[in-house]
Amino acid sequence: DAVVAEGLARYIGYGPIFPTASKKDPDPVVGLDGLAAITARHPSLFVVAIGGLGEGRLTDVARAGASAGAMISALLSADDPQAATRRAVGSWTARSSRS
């Protein structure tokens, strides 16, 4: 378990949640079930979901309990990275205000 040091760690990056092409040899996909399990097992840990995230997957990642999501490839490869970032932040903020 990547968070056995929970007493020391304040946050972790956990994934890849979905398949990703940004790494040459990525770790196995953990999926939304794996994300939900880690956030349930360690509720005090700030968990950043990584790997294969895009705008359309933020809601599912949030529902699985992630504290945040990293969308580096999705944002950098967007036609308009600033607009994509604004949409993603708006989507995440709207999700957070409903929680």
# chains A, B, ... in the order shown; residues from 1 in each chain; ligands from 1
>>> residues_around(residues="Leu32 (chain A)", least_positions_apart="3", cutoff="10 Å", atoms="only C-alpha atoms", output="list in words")
Gly15, Pro16, Ile17, Phe18, Val29, Leu35, Ala36, Ala37, Ile38, Ala49, Asp60, Val61, Ala62, Arg63, Ala64, Gly65 and Ala66 of chain A
>>> select_by_dssp(residues="chain A", states="alpha helix (DSSP H)", output="number ranges by chain")
A: 31-41, 58-63, 72-76, 81-98
>>> write_last_selection(atoms="C-alpha atoms", output="PDB file, in the first residue's frame")
ATOM      1  CA  GLY A  31      -9.183   2.539 -11.973  1.00  0.00           C
ATOM      2  CA  LEU A  32     -11.922   4.347 -10.129  1.00  0.00           C
ATOM      3  CA  ASP A  33     -12.444   1.385  -7.796  1.00  0.00           C
ATOM      4  CA  GLY A  34      -8.809   1.520  -6.716  1.00  0.00           C
ATOM      5  CA  LEU A  35      -9.083   5.277  -6.183  1.00  0.00           C
ATOM      6  CA  ALA A  36     -12.255   4.877  -4.120  1.00  0.00           C
ATOM      7  CA  ALA A  37     -10.616   2.164  -2.014  1.00  0.00           C
ATOM      8  CA  ILE A  38      -7.534   4.249  -1.210  1.00  0.00           C
ATOM      9  CA  THR A  39      -9.554   7.347  -0.318  1.00  0.00           C
ATOM     10  CA  ALA A  40     -11.872   5.296   1.908  1.00  0.00           C
ATOM     11  CA  ARG A  41      -8.973   3.537   3.621  1.00  0.00           C
ATOM     12  CA  LEU A  58     -13.388  14.829 -13.401  1.00  0.00           C
ATOM     13  CA  THR A  59     -16.842  14.068 -12.042  1.00  0.00           C
ATOM     14  CA  ASP A  60     -16.090  10.340 -11.782  1.00  0.00           C
ATOM     15  CA  VAL A  61     -12.740  11.034 -10.101  1.00  0.00           C
ATOM     16  CA  ALA A  62     -14.424  13.368  -7.614  1.00  0.00           C
ATOM     17  CA  ARG A  63     -17.147  10.812  -6.866  1.00  0.00           C
ATOM     18  CA  ILE A  72      -1.386  17.801 -17.329  1.00  0.00           C
ATOM     19  CA  SER A  73      -1.465  16.083 -20.741  1.00  0.00           C
ATOM     20  CA  ALA A  74      -5.112  16.958 -21.344  1.00  0.00           C
ATOM     21  CA  LEU A  75      -4.506  20.632 -20.639  1.00  0.00           C
ATOM     22  CA  LEU A  76      -1.200  20.972 -22.459  1.00  0.00           C
ATOM     23  CA  PRO A  81      -4.959  25.368 -22.708  1.00  0.00           C
ATOM     24  CA  GLN A  82      -6.154  28.455 -20.822  1.00  0.00           C
ATOM     25  CA  ALA A  83      -9.782  27.848 -21.742  1.00  0.00           C
ATOM     26  CA  ALA A  84      -9.468  24.142 -20.958  1.00  0.00           C
ATOM     27  CA  THR A  85      -7.975  24.991 -17.574  1.00  0.00           C
ATOM     28  CA  ARG A  86     -10.793  27.430 -16.804  1.00  0.00           C
ATOM     29  CA  ARG A  87     -13.397  24.797 -17.723  1.00  0.00           C
ATOM     30  CA  ALA A  88     -11.685  22.140 -15.603  1.00  0.00           C
ATOM     31  CA  VAL A  89     -11.387  24.433 -12.588  1.00  0.00           C
ATOM     32  CA  GLY A  90     -14.998  25.515 -13.014  1.00  0.00           C
ATOM     33  CA  SER A  91     -16.133  21.904 -13.247  1.00  0.00           C
ATOM     34  CA  TRP A  92     -14.162  20.904 -10.148  1.00  0.00           C
ATOM     35  CA  THR A  93     -15.337  23.963  -8.202  1.00  0.00           C
ATOM     36  CA  ALA A  94     -18.969  23.285  -9.104  1.00  0.00           C
ATOM     37  CA  ARG A  95     -18.521  19.676  -7.996  1.00  0.00           C
ATOM     38  CA  SER A  96     -16.967  20.809  -4.705  1.00  0.00           C
ATOM     39  CA  SER A  97     -19.782  23.228  -3.923  1.00  0.00           C
ATOM     40  CA  ARG A  98     -22.332  20.391  -4.329  1.00  0.00           C
TER      41      ARG A  98
END
>>> select_by_dssp(residues="chain A", states="strand (DSSP E or B)", output="PyMOL selection string")
chain A and resi 11-14+46-49+68-69
>>> residues_around(residues="Leu45 (chain A)", least_positions_apart="6", cutoff="8 Å", atoms="only C-alpha atoms", output="MDAnalysis selection string")
chainID A and resid 6 9:12 39
>>> closest_residue(among="A:Ser67, A:Tyr14, A:Ala78, A:Leu53", to="Pro28 (chain A)", atoms="only C-alpha atoms")
A:Tyr14
